[in-house]
Amino acid sequence: MSARFTMLVCLGLAVVRGGASLRHPLDNGLARTPPTGWNSWNHFGCDVSAQLIKETADAIVASGMRDAGYRYVVIDDCWQVARDRSGRIVADSARFPGGMKPLADYVHSKGLKFGLYTDAGRQTCQGRPGTYGFEELDARTYAEWGVDYVKEDWCHADGLDAPTQYGKFRDALAKAGRPIVFSICEWGSNHPWTWGPRTGNLWRTTGDIGDYWASMISRVDLSSQYALAAGPGGWNDPDMLEVGNAGMTDDEYRAHFSLWATMAAPLMAGNDVRTMSPATRDILINKEVIAVDQDPLGVQGMLVEEPGPDLQIWVKPLADSARAVVLLNRSALQTVITAPWWALHIRGPARVRDLWAHADLGTFTDHFSATVAAHGVVMVRITRP
Ligand code: GLA
């Protein structure tokens with residue numbers, strides 16, 4: 001594990017420093033750190049409306065989420081119903097009276113950015129009109145409406161080539177005259193970690209997340225395999241957050257959030273932020289964990305050691321040469337996990353800060369141990385003096 005870690009970190013740093021030459025990232029200047037925000041799908045499915053989006057934007061401000069760094073408010077599937085005679089996409093006028101432009105203006109007035117969903121195929125996953133054949137018109141329409149982020153799905157795309165179709169929409173967005181983050185969502189089915197970096201700002205590496213432990217953790221196991229594809233401008237996307245949707249315990253949600261941050265994953269909340277509990281809010285606005293996700297070095301953290309069955313140590317190197325470390329207990333029993341300095345490539349005494357307790361734990365000589373809850377994490381930042 002140790003040799004693998006050295007190799008991966010060195011490679012990761014080389015890739016980041018090499019920037020365009022090695023990863024060929026999309027050069028649209030956006031998503032230099034992983035995108036953050038909220039998306040309607042995980043909690044609301046098709047039940048979207050202008051009212052919901054306005055109340056959500058208000059709640060993102062009132063809850064402190066905006067100040068903690070959340071930016072994009074994204075309406076997922078089902079906002080669109082048809083195309084008009086000129087081919088222009090039409091929003092559901094009952095749910096979005098006045099259309100999307102005034103809604104985008106409202107979201108912008110709150111200091112947030114606005115996003116929409118479409119599909120690279122002929123229809124969206126819920127059977128609404130897709131973008132196939134309308135790439136340029138849709139990109140122009142979104143730009144006119146004030147859209148800042150587009151997620152493009154991959155349903156009803158039989159016989160189409162993913163790199164070609166997503167490349168078409170990338171080019172259409174580039175011509176649309178507005179900076180728009182491009183989120184590729186083909187569930188990892190066409191090796192997007194190979195062509196995603198030159199095509200979009202983030203690409204899904206997995207199928208849809210469910211609000212339960214086994215689903216969340218299996219997204220970690222998949223997305224972590226492609227760590228070297230990630231970096232400023234382009235990120236692996238293990239899917240949106242389920243924090244606060246009630247299917248997991250708070251320990252499990254803390255693990256979910258910590259692992260997403262360690263993997264430099266997009267942090268798109270997927271709960272009802274209007275009614276969330278204080279515990280959910282405290283998870284989502286943990287600025288110390290968000291800072292790990294948003295660290296400017298932009299290296300996706302990796303699994304470096306498995307000290308026992310179902311026990312793992314994950315490490316993310318940070319710009320100031322500190323390391324974020326997650327002790328992950330995948331077992332159903334509380335246990336002690338020890339992270340030896342050799343596994344973290346640290347020599348000599350180092351300071352440890354607990355990012356969930358918000359407490360400095362002191363200076364440790366050659367290892368750090370902590371009791372970790374079942375299906376839980378302890379997440380620390382380790383700094384050499
Ligand atoms: C797919 C995507 C989801 C969501 C739904 C909407 O399943 O992977 O994230 O956008 O479609 O229909």
# chains A, B, ... in the order shown; residues from 1 in each chain; ligands from 1
>>> residues_near_ligand(ligand="ligand 1", cutoff="8 Å", atoms="only C-alpha atoms and all ligand atoms", output="PyMOL selection string")
chain A and resi 41-42+45-46+76-78+117+124-126+151+153-155+185-187+207-208+239-240
>>> write_last_selection(atoms="N, CA and C atoms", output="compact mmCIF listing (two decimals), in the first residue's frame")
# COMPACT_ATOMS: atom_id res chain seq x y z
N TRP A 41 -32.91 16.35 -7.64
CA TRP A 41 -33.32 14.97 -7.94
C TRP A 41 -33.43 14.05 -6.73
N ASN A 42 -32.38 13.99 -5.88
CA ASN A 42 -32.35 12.95 -4.86
C ASN A 42 -33.54 13.02 -3.90
N GLY A 45 -37.23 14.30 -6.98
CA GLY A 45 -37.56 13.64 -8.24
C GLY A 45 -38.19 14.63 -9.20
N CYS A 46 -39.35 14.25 -9.77
CA CYS A 46 -40.02 15.12 -10.75
C CYS A 46 -40.83 16.25 -10.13
N ASP A 76 -33.10 19.41 -11.73
CA ASP A 76 -32.84 18.17 -12.47
C ASP A 76 -34.01 17.90 -13.42
N ASP A 77 -34.27 16.66 -13.72
CA ASP A 77 -35.24 16.25 -14.74
C ASP A 77 -36.64 16.81 -14.44
N CYS A 78 -37.44 16.93 -15.51
CA CYS A 78 -38.89 17.19 -15.44
C CYS A 78 -39.30 18.66 -15.48
N TYR A 117 -30.92 20.72 -16.12
CA TYR A 117 -30.64 19.35 -16.55
C TYR A 117 -31.16 19.14 -17.97
N THR A 124 -35.12 12.70 -22.10
CA THR A 124 -34.50 12.57 -20.78
C THR A 124 -34.90 11.23 -20.17
N CYS A 125 -34.34 10.95 -19.00
CA CYS A 125 -34.67 9.66 -18.35
C CYS A 125 -36.14 9.60 -17.96
N GLN A 126 -36.78 10.75 -17.78
CA GLN A 126 -38.22 10.77 -17.45
C GLN A 126 -39.06 11.08 -18.68
N LYS A 151 -26.29 19.93 -16.47
CA LYS A 151 -26.04 18.48 -16.31
C LYS A 151 -26.67 17.79 -17.51
N ASP A 153 -27.58 14.19 -19.21
CA ASP A 153 -27.76 12.77 -18.91
C ASP A 153 -27.59 11.93 -20.19
N TRP A 154 -27.84 10.61 -20.09
CA TRP A 154 -27.51 9.71 -21.19
C TRP A 154 -28.62 8.69 -21.47
N CYS A 155 -29.86 9.02 -21.11
CA CYS A 155 -30.96 8.11 -21.45
C CYS A 155 -31.35 8.27 -22.92
N CYS A 185 -23.15 13.15 -17.39
CA CYS A 185 -23.81 12.14 -16.54
C CYS A 185 -24.14 10.92 -17.38
N GLU A 186 -23.11 10.10 -17.68
CA GLU A 186 -23.41 8.84 -18.41
C GLU A 186 -23.05 7.65 -17.54
N TRP A 187 -23.00 7.88 -16.22
CA TRP A 187 -22.93 6.82 -15.20
C TRP A 187 -21.67 5.97 -15.26
N GLY A 207 -23.37 4.58 -11.43
CA GLY A 207 -24.83 4.68 -11.53
C GLY A 207 -25.38 5.51 -10.38
N ASP A 208 -26.69 5.60 -10.31
CA ASP A 208 -27.32 6.49 -9.32
C ASP A 208 -27.10 6.01 -7.88
N ASP A 239 -21.69 10.93 -7.78
CA ASP A 239 -23.11 11.28 -7.66
C ASP A 239 -23.35 12.23 -6.48
N MET A 240 -24.57 12.71 -6.43
CA MET A 240 -24.89 13.80 -5.50
C MET A 240 -25.07 13.26 -4.08
>>> residues_around(residues="Gly177 of chain A", least_positions_apart="4", cutoff="9 Å", atoms="only C-alpha atoms", output="list in words")
Arg140, Ala143, Glu144 and Leu173 of chain A
>>> closest_residue(among="A:Gly64, A:Pro238, A:Gly196, A:Gly121", to="Arg274 of chain A", atoms="only C-alpha atoms")
A:Gly64
>>> closest_residue(among="A:Arg122, A:His367, A:His24, A:Arg219", to="Thr199 of chain A", atoms="only C-alpha atoms")
A:His24
>>> select_by_dssp(residues="segment 132-179 of chain A", states="helix (DSSP H, G or I)", output="PyMOL selection string")
chain A and resi 135-145+162-175
>>> atom_distance(atom1="atom CA of Ile60 of chain A", atom2="atom CA of Ala264 of chain A")
21.5 Å
>>> residues_around(residues="Ala139 of chain A", least_positions_apart="4", cutoff="9 Å", atoms="only C-alpha atoms", output="PDB file with N, CA and C atoms, in the first residue's frame")
ATOM      1  N   PHE A 134     -30.400  19.245 -31.116  1.00  0.00           N
ATOM      2  CA  PHE A 134     -30.728  20.643 -30.755  1.00  0.00           C
ATOM      3  C   PHE A 134     -29.606  21.254 -29.903  1.00  0.00           C
ATOM      4  N   GLU A 135     -28.393  20.718 -30.047  1.00  0.00           N
ATOM      5  CA  GLU A 135     -27.309  21.124 -29.139  1.00  0.00           C
ATOM      6  C   GLU A 135     -27.104  22.643 -29.131  1.00  0.00           C
ATOM      7  N   ALA A 143     -28.041  29.935 -22.238  1.00  0.00           N
ATOM      8  CA  ALA A 143     -27.233  31.144 -22.002  1.00  0.00           C
ATOM      9  C   ALA A 143     -28.142  32.371 -21.896  1.00  0.00           C
ATOM     10  N   GLU A 144     -29.154  32.442 -22.766  1.00  0.00           N
ATOM     11  CA  GLU A 144     -30.090  33.585 -22.702  1.00  0.00           C
ATOM     12  C   GLU A 144     -30.842  33.615 -21.374  1.00  0.00           C
ATOM     13  N   PHE A 169     -21.957  18.996 -27.336  1.00  0.00           N
ATOM     14  CA  PHE A 169     -22.576  19.942 -26.407  1.00  0.00           C
ATOM     15  C   PHE A 169     -21.521  20.840 -25.756  1.00  0.00           C
ATOM     16  N   ALA A 172     -21.006  23.485 -28.268  1.00  0.00           N
ATOM     17  CA  ALA A 172     -22.165  24.387 -28.329  1.00  0.00           C
ATOM     18  C   ALA A 172     -22.147  25.340 -27.130  1.00  0.00           C
ATOM     19  N   LEU A 173     -21.818  24.819 -25.956  1.00  0.00           N
ATOM     20  CA  LEU A 173     -21.757  25.681 -24.764  1.00  0.00           C
ATOM     21  C   LEU A 173     -20.656  26.731 -24.922  1.00  0.00           C
ATOM     22  N   ALA A 174     -19.537  26.319 -25.515  1.00  0.00           N
ATOM     23  CA  ALA A 174     -18.412  27.256 -25.674  1.00  0.00           C
ATOM     24  C   ALA A 174     -18.806  28.427 -26.574  1.00  0.00           C
ATOM     25  N   LYS A 175     -19.732  28.163 -27.519  1.00  0.00           N
ATOM     26  CA  LYS A 175     -20.145  29.220 -28.461  1.00  0.00           C
ATOM     27  C   LYS A 175     -21.308  30.054 -27.925  1.00  0.00           C
ATOM     28  N   ALA A 176     -21.879  29.618 -26.788  1.00  0.00           N
ATOM     29  CA  ALA A 176     -23.143  30.226 -26.335  1.00  0.00           C
ATOM     30  C   ALA A 176     -22.959  31.591 -25.682  1.00  0.00           C
TER      31      ALA A 176
END
>>> atom_distance(atom1="atom CA of Arg254 of chain A", atom2="atom CA of Asp47 of chain A")
27.3 Å
>>> residues_around(residues="Arg351 of chain A", least_positions_apart="3", cutoff="12 Å", atoms="only C-alpha atoms", output="PyMOL selection string")
chain A and resi 322-324+341+346-348+354+359-368+380-385
>>> write_last_selection(atoms="N, CA, C and O atoms", output="CSV table (one decimal), in the first residue's frame")
chain,number,residue,atom,x,y,z
A,322,ALA,N,0.0,19.9,4.2
A,322,ALA,CA,-0.7,19.0,5.2
A,322,ALA,C,-1.4,17.9,4.5
A,322,ALA,O,-1.4,17.8,3.3
A,323,ARG,N,-2.0,17.0,5.3
A,323,ARG,CA,-2.7,15.9,4.7
A,323,ARG,C,-4.1,15.8,5.4
A,323,ARG,O,-4.1,15.9,6.7
A,324,ALA,N,-5.1,15.6,4.7
A,324,ALA,CA,-6.4,15.3,5.3
A,324,ALA,C,-6.5,13.7,5.3
A,324,ALA,O,-6.1,13.1,4.4
A,341,TRP,N,2.4,6.8,10.7
A,341,TRP,CA,3.0,7.9,9.9
A,341,TRP,C,3.6,7.3,8.6
A,341,TRP,O,3.5,8.0,7.6
A,346,ILE,N,4.6,10.6,6.4
A,346,ILE,CA,5.0,11.7,7.4
A,346,ILE,C,6.1,11.2,8.2
A,346,ILE,O,6.1,10.1,8.6
A,347,ARG,N,7.1,12.1,8.4
A,347,ARG,CA,8.2,11.8,9.3
A,347,ARG,C,8.2,12.7,10.5
A,347,ARG,O,8.0,13.9,10.3
A,348,GLY,N,8.5,12.2,11.6
A,348,GLY,CA,8.6,13.1,12.8
A,348,GLY,C,7.3,13.6,13.4
A,348,GLY,O,6.2,13.3,12.8
A,354,ASP,N,-8.9,17.5,14.7
A,354,ASP,CA,-10.1,16.7,14.4
A,354,ASP,C,-11.1,17.6,13.7
A,354,ASP,O,-11.6,18.6,14.2
A,359,ALA,N,-11.4,20.4,16.9
A,359,ALA,CA,-10.5,20.5,18.1
A,359,ALA,C,-9.1,20.1,17.7
A,359,ALA,O,-8.9,19.1,16.9
A,360,ASP,N,-8.1,20.8,18.2
A,360,ASP,CA,-6.7,20.4,18.1
A,360,ASP,C,-6.4,19.3,19.1
A,360,ASP,O,-6.7,19.4,20.2
A,361,LEU,N,-5.9,18.2,18.6
A,361,LEU,CA,-5.7,17.0,19.5
A,361,LEU,C,-4.3,16.9,20.0
A,361,LEU,O,-4.0,16.1,20.8
A,362,GLY,N,-3.4,17.8,19.5
A,362,GLY,CA,-2.0,17.7,20.0
A,362,GLY,C,-1.0,17.3,19.0
A,362,GLY,O,-1.4,17.1,17.8
A,363,THR,N,0.2,17.0,19.4
A,363,THR,CA,1.3,16.6,18.5
A,363,THR,C,1.6,15.1,18.7
A,363,THR,O,1.7,14.7,19.9
A,364,PHE,N,1.7,14.4,17.7
A,364,PHE,CA,1.9,12.9,17.8
A,364,PHE,C,3.2,12.6,17.0
A,364,PHE,O,3.5,13.2,16.1
A,365,THR,N,3.9,11.5,17.6
A,365,THR,CA,5.2,11.3,17.1
A,365,THR,C,5.3,10.4,15.9
A,365,THR,O,5.9,10.7,14.9
A,366,ASP,N,4.5,9.2,15.9
A,366,ASP,CA,4.7,8.4,14.7
A,366,ASP,C,3.4,7.7,14.4
A,366,ASP,O,3.4,6.8,13.4
A,367,HIS,N,2.3,8.0,15.0
A,367,HIS,CA,1.0,7.4,14.6
A,367,HIS,C,-0.1,8.2,15.3
A,367,HIS,O,0.1,8.9,16.2
A,368,PHE,N,-1.3,8.0,14.8
A,368,PHE,CA,-2.5,8.6,15.4
A,368,PHE,C,-3.6,7.5,15.5
A,368,PHE,O,-3.8,6.8,14.5
A,380,VAL,N,-9.3,13.9,10.2
A,380,VAL,CA,-8.3,14.8,10.8
A,380,VAL,C,-7.5,15.5,9.7
A,380,VAL,O,-7.4,15.0,8.6
A,381,ARG,N,-6.9,16.6,10.1
A,381,ARG,CA,-5.9,17.2,9.3
A,381,ARG,C,-4.6,17.1,10.0
A,381,ARG,O,-4.5,17.5,11.2
A,382,ILE,N,-3.5,16.6,9.3
A,382,ILE,CA,-2.2,16.4,9.9
A,382,ILE,C,-1.2,17.3,9.3
A,382,ILE,O,-1.1,17.4,8.1
A,383,THR,N,-0.6,18.1,10.2
A,383,THR,CA,0.3,19.1,9.7
A,383,THR,C,1.7,18.9,10.3
A,383,THR,O,1.8,18.8,11.5
A,384,ARG,N,2.7,18.9,9.5
A,384,ARG,CA,4.1,18.8,10.0
A,384,ARG,C,4.5,20.2,10.4
A,384,ARG,O,4.2,21.2,9.6
A,385,PRO,N,5.2,20.4,11.6
A,385,PRO,CA,5.6,21.8,12.0
A,385,PRO,C,6.6,22.4,11.0
A,385,PRO,O,7.3,21.7,10.3
>>> decode(residues="segment 175-210 of chain A", atoms="N, CA, C and O atoms", output="PDB file, in the first residue's frame")
ATOM      1  N   LYS A 175     -19.732  28.163 -27.519  1.00  0.00           N
ATOM      2  CA  LYS A 175     -20.145  29.220 -28.461  1.00  0.00           C
ATOM      3  C   LYS A 175     -21.308  30.054 -27.925  1.00  0.00           C
ATOM      4  O   LYS A 175     -21.712  31.027 -28.550  1.00  0.00           O
ATOM      5  N   ALA A 176     -21.879  29.618 -26.788  1.00  0.00           N
ATOM      6  CA  ALA A 176     -23.143  30.226 -26.335  1.00  0.00           C
ATOM      7  C   ALA A 176     -22.959  31.591 -25.682  1.00  0.00           C
ATOM      8  O   ALA A 176     -23.932  32.305 -25.453  1.00  0.00           O
ATOM      9  N   GLY A 177     -21.724  31.944 -25.380  1.00  0.00           N
ATOM     10  CA  GLY A 177     -21.477  33.300 -24.891  1.00  0.00           C
ATOM     11  C   GLY A 177     -21.681  33.494 -23.403  1.00  0.00           C
ATOM     12  O   GLY A 177     -21.892  34.618 -22.949  1.00  0.00           O
ATOM     13  N   ARG A 178     -21.654  32.397 -22.630  1.00  0.00           N
ATOM     14  CA  ARG A 178     -21.792  32.528 -21.181  1.00  0.00           C
ATOM     15  C   ARG A 178     -20.997  31.395 -20.535  1.00  0.00           C
ATOM     16  O   ARG A 178     -21.054  30.259 -21.029  1.00  0.00           O
ATOM     17  N   PRO A 179     -20.265  31.660 -19.446  1.00  0.00           N
ATOM     18  CA  PRO A 179     -19.542  30.562 -18.792  1.00  0.00           C
ATOM     19  C   PRO A 179     -20.540  29.577 -18.168  1.00  0.00           C
ATOM     20  O   PRO A 179     -21.355  29.984 -17.351  1.00  0.00           O
ATOM     21  N   ILE A 180     -20.501  28.327 -18.597  1.00  0.00           N
ATOM     22  CA  ILE A 180     -21.451  27.324 -18.097  1.00  0.00           C
ATOM     23  C   ILE A 180     -20.693  26.056 -17.726  1.00  0.00           C
ATOM     24  O   ILE A 180     -20.012  25.457 -18.572  1.00  0.00           O
ATOM     25  N   VAL A 181     -20.782  25.671 -16.457  1.00  0.00           N
ATOM     26  CA  VAL A 181     -20.170  24.415 -16.007  1.00  0.00           C
ATOM     27  C   VAL A 181     -20.883  23.264 -16.713  1.00  0.00           C
ATOM     28  O   VAL A 181     -22.116  23.234 -16.786  1.00  0.00           O
ATOM     29  N   PHE A 182     -20.115  22.304 -17.225  1.00  0.00           N
ATOM     30  CA  PHE A 182     -20.687  21.190 -17.979  1.00  0.00           C
ATOM     31  C   PHE A 182     -20.509  19.892 -17.184  1.00  0.00           C
ATOM     32  O   PHE A 182     -19.400  19.421 -16.985  1.00  0.00           O
ATOM     33  N   SER A 183     -21.649  19.332 -16.759  1.00  0.00           N
ATOM     34  CA  SER A 183     -21.667  18.127 -15.929  1.00  0.00           C
ATOM     35  C   SER A 183     -22.113  16.933 -16.784  1.00  0.00           C
ATOM     36  O   SER A 183     -23.251  16.887 -17.244  1.00  0.00           O
ATOM     37  N   ILE A 184     -21.197  16.008 -17.010  1.00  0.00           N
ATOM     38  CA  ILE A 184     -21.458  14.826 -17.839  1.00  0.00           C
ATOM     39  C   ILE A 184     -22.027  13.725 -16.947  1.00  0.00           C
ATOM     40  O   ILE A 184     -21.448  13.403 -15.901  1.00  0.00           O
ATOM     41  N   CYS A 185     -23.149  13.145 -17.385  1.00  0.00           N
ATOM     42  CA  CYS A 185     -23.814  12.143 -16.541  1.00  0.00           C
ATOM     43  C   CYS A 185     -24.141  10.917 -17.381  1.00  0.00           C
ATOM     44  O   CYS A 185     -25.274  10.763 -17.827  1.00  0.00           O
ATOM     45  N   GLU A 186     -23.106  10.098 -17.681  1.00  0.00           N
ATOM     46  CA  GLU A 186     -23.408   8.844 -18.407  1.00  0.00           C
ATOM     47  C   GLU A 186     -23.055   7.649 -17.536  1.00  0.00           C
ATOM     48  O   GLU A 186     -22.857   6.550 -18.039  1.00  0.00           O
ATOM     49  N   TRP A 187     -22.996   7.880 -16.225  1.00  0.00           N
ATOM     50  CA  TRP A 187     -22.930   6.824 -15.198  1.00  0.00           C
ATOM     51  C   TRP A 187     -21.669   5.968 -15.263  1.00  0.00           C
ATOM     52  O   TRP A 187     -21.641   4.834 -14.765  1.00  0.00           O
ATOM     53  N   GLY A 188     -20.620   6.477 -15.905  1.00  0.00           N
ATOM     54  CA  GLY A 188     -19.379   5.704 -15.996  1.00  0.00           C
ATOM     55  C   GLY A 188     -19.459   4.596 -17.023  1.00  0.00           C
ATOM     56  O   GLY A 188     -18.592   3.720 -17.053  1.00  0.00           O
ATOM     57  N   SER A 189     -20.466   4.647 -17.925  1.00  0.00           N
ATOM     58  CA  SER A 189     -20.629   3.504 -18.840  1.00  0.00           C
ATOM     59  C   SER A 189     -19.719   3.530 -20.059  1.00  0.00           C
ATOM     60  O   SER A 189     -19.586   2.515 -20.738  1.00  0.00           O
ATOM     61  N   ASN A 190     -19.111   4.662 -20.364  1.00  0.00           N
ATOM     62  CA  ASN A 190     -18.242   4.749 -21.549  1.00  0.00           C
ATOM     63  C   ASN A 190     -16.850   5.259 -21.178  1.00  0.00           C
ATOM     64  O   ASN A 190     -16.265   6.051 -21.908  1.00  0.00           O
ATOM     65  N   HIS A 191     -16.346   4.828 -20.019  1.00  0.00           N
ATOM     66  CA  HIS A 191     -15.014   5.236 -19.548  1.00  0.00           C
ATOM     67  C   HIS A 191     -14.816   6.750 -19.590  1.00  0.00           C
ATOM     68  O   HIS A 191     -13.849   7.240 -20.185  1.00  0.00           O
ATOM     69  N   PRO A 192     -15.705   7.534 -18.965  1.00  0.00           N
ATOM     70  CA  PRO A 192     -15.599   8.996 -19.088  1.00  0.00           C
ATOM     71  C   PRO A 192     -14.347   9.572 -18.441  1.00  0.00           C
ATOM     72  O   PRO A 192     -13.971  10.710 -18.751  1.00  0.00           O
ATOM     73  N   TRP A 193     -13.691   8.795 -17.564  1.00  0.00           N
ATOM     74  CA  TRP A 193     -12.465   9.300 -16.950  1.00  0.00           C
ATOM     75  C   TRP A 193     -11.375   9.447 -18.016  1.00  0.00           C
ATOM     76  O   TRP A 193     -10.385  10.127 -17.784  1.00  0.00           O
ATOM     77  N   THR A 194     -11.535   8.817 -19.189  1.00  0.00           N
ATOM     78  CA  THR A 194     -10.518   8.985 -20.250  1.00  0.00           C
ATOM     79  C   THR A 194     -10.797  10.219 -21.122  1.00  0.00           C
ATOM     80  O   THR A 194      -9.880  10.930 -21.482  1.00  0.00           O
ATOM     81  N   TRP A 195     -12.060  10.479 -21.469  1.00  0.00           N
ATOM     82  CA  TRP A 195     -12.367  11.630 -22.343  1.00  0.00           C
ATOM     83  C   TRP A 195     -13.083  12.768 -21.597  1.00  0.00           C
ATOM     84  O   TRP A 195     -13.189  13.882 -22.117  1.00  0.00           O
ATOM     85  N   GLY A 196     -13.539  12.503 -20.363  1.00  0.00           N
ATOM     86  CA  GLY A 196     -14.228  13.540 -19.577  1.00  0.00           C
ATOM     87  C   GLY A 196     -13.378  14.785 -19.357  1.00  0.00           C
ATOM     88  O   GLY A 196     -13.874  15.903 -19.502  1.00  0.00           O
ATOM     89  N   PRO A 197     -12.091  14.621 -19.001  1.00  0.00           N
ATOM     90  CA  PRO A 197     -11.299  15.813 -18.697  1.00  0.00           C
ATOM     91  C   PRO A 197     -11.215  16.812 -19.853  1.00  0.00           C
ATOM     92  O   PRO A 197     -11.102  18.011 -19.619  1.00  0.00           O
ATOM     93  N   ARG A 198     -11.287  16.340 -21.104  1.00  0.00           N
ATOM     94  CA  ARG A 198     -11.220  17.310 -22.208  1.00  0.00           C
ATOM     95  C   ARG A 198     -12.619  17.740 -22.656  1.00  0.00           C
ATOM     96  O   ARG A 198     -12.765  18.527 -23.589  1.00  0.00           O
ATOM     97  N   THR A 199     -13.645  17.202 -22.007  1.00  0.00           N
ATOM     98  CA  THR A 199     -15.003  17.427 -22.492  1.00  0.00           C
ATOM     99  C   THR A 199     -15.872  18.194 -21.496  1.00  0.00           C
ATOM    100  O   THR A 199     -16.640  19.074 -21.893  1.00  0.00           O
ATOM    101  N   GLY A 200     -15.772  17.840 -20.224  1.00  0.00           N
ATOM    102  CA  GLY A 200     -16.641  18.472 -19.225  1.00  0.00           C
ATOM    103  C   GLY A 200     -15.880  18.856 -17.971  1.00  0.00           C
ATOM    104  O   GLY A 200     -14.682  18.594 -17.843  1.00  0.00           O
ATOM    105  N   ASN A 201     -16.595  19.480 -17.031  1.00  0.00           N
ATOM    106  CA  ASN A 201     -15.986  19.880 -15.765  1.00  0.00           C
ATOM    107  C   ASN A 201     -16.139  18.815 -14.686  1.00  0.00           C
ATOM    108  O   ASN A 201     -15.478  18.882 -13.647  1.00  0.00           O
ATOM    109  N   LEU A 202     -17.079  17.896 -14.911  1.00  0.00           N
ATOM    110  CA  LEU A 202     -17.245  16.757 -14.002  1.00  0.00           C
ATOM    111  C   LEU A 202     -17.939  15.665 -14.793  1.00  0.00           C
ATOM    112  O   LEU A 202     -18.644  15.945 -15.768  1.00  0.00           O
ATOM    113  N   TRP A 203     -17.686  14.430 -14.419  1.00  0.00           N
ATOM    114  CA  TRP A 203     -18.292  13.295 -15.113  1.00  0.00           C
ATOM    115  C   TRP A 203     -18.619  12.238 -14.077  1.00  0.00           C
ATOM    116  O   TRP A 203     -17.803  11.887 -13.227  1.00  0.00           O
ATOM    117  N   ARG A 204     -19.870  11.752 -14.135  1.00  0.00           N
ATOM    118  CA  ARG A 204     -20.291  10.688 -13.236  1.00  0.00           C
ATOM    119  C   ARG A 204     -19.443   9.444 -13.503  1.00  0.00           C
ATOM    120  O   ARG A 204     -19.189   9.090 -14.650  1.00  0.00           O
ATOM    121  N   THR A 205     -19.023   8.806 -12.408  1.00  0.00           N
ATOM    122  CA  THR A 205     -18.229   7.581 -12.512  1.00  0.00           C
ATOM    123  C   THR A 205     -19.064   6.354 -12.185  1.00  0.00           C
ATOM    124  O   THR A 205     -18.568   5.227 -12.279  1.00  0.00           O
ATOM    125  N   THR A 206     -20.333   6.571 -11.782  1.00  0.00           N
ATOM    126  CA  THR A 206     -21.143   5.466 -11.256  1.00  0.00           C
ATOM    127  C   THR A 206     -22.609   5.638 -11.643  1.00  0.00           C
ATOM    128  O   THR A 206     -23.027   6.719 -12.055  1.00  0.00           O
ATOM    129  N   GLY A 207     -23.375   4.576 -11.433  1.00  0.00           N
ATOM    130  CA  GLY A 207     -24.831   4.679 -11.532  1.00  0.00           C
ATOM    131  C   GLY A 207     -25.376   5.514 -10.382  1.00  0.00           C
ATOM    132  O   GLY A 207     -24.622   6.038  -9.553  1.00  0.00           O
ATOM    133  N   ASP A 208     -26.692   5.596 -10.310  1.00  0.00           N
ATOM    134  CA  ASP A 208     -27.319   6.491  -9.322  1.00  0.00           C
ATOM    135  C   ASP A 208     -27.101   6.006  -7.884  1.00  0.00           C
ATOM    136  O   ASP A 208     -27.273   4.825  -7.574  1.00  0.00           O
ATOM    137  N   ILE A 209     -26.792   6.952  -7.013  1.00  0.00           N
ATOM    138  CA  ILE A 209     -26.658   6.664  -5.584  1.00  0.00           C
ATOM    139  C   ILE A 209     -28.046   6.403  -4.995  1.00  0.00           C
ATOM    140  O   ILE A 209     -29.047   6.928  -5.488  1.00  0.00           O
ATOM    141  N   GLY A 210     -28.108   5.542  -3.975  1.00  0.00           N
ATOM    142  CA  GLY A 210     -29.318   5.382  -3.173  1.00  0.00           C
ATOM    143  C   GLY A 210     -29.014   5.855  -1.759  1.00  0.00           C
ATOM    144  O   GLY A 210     -27.847   5.933  -1.359  1.00  0.00           O
TER     145      GLY A 210
END
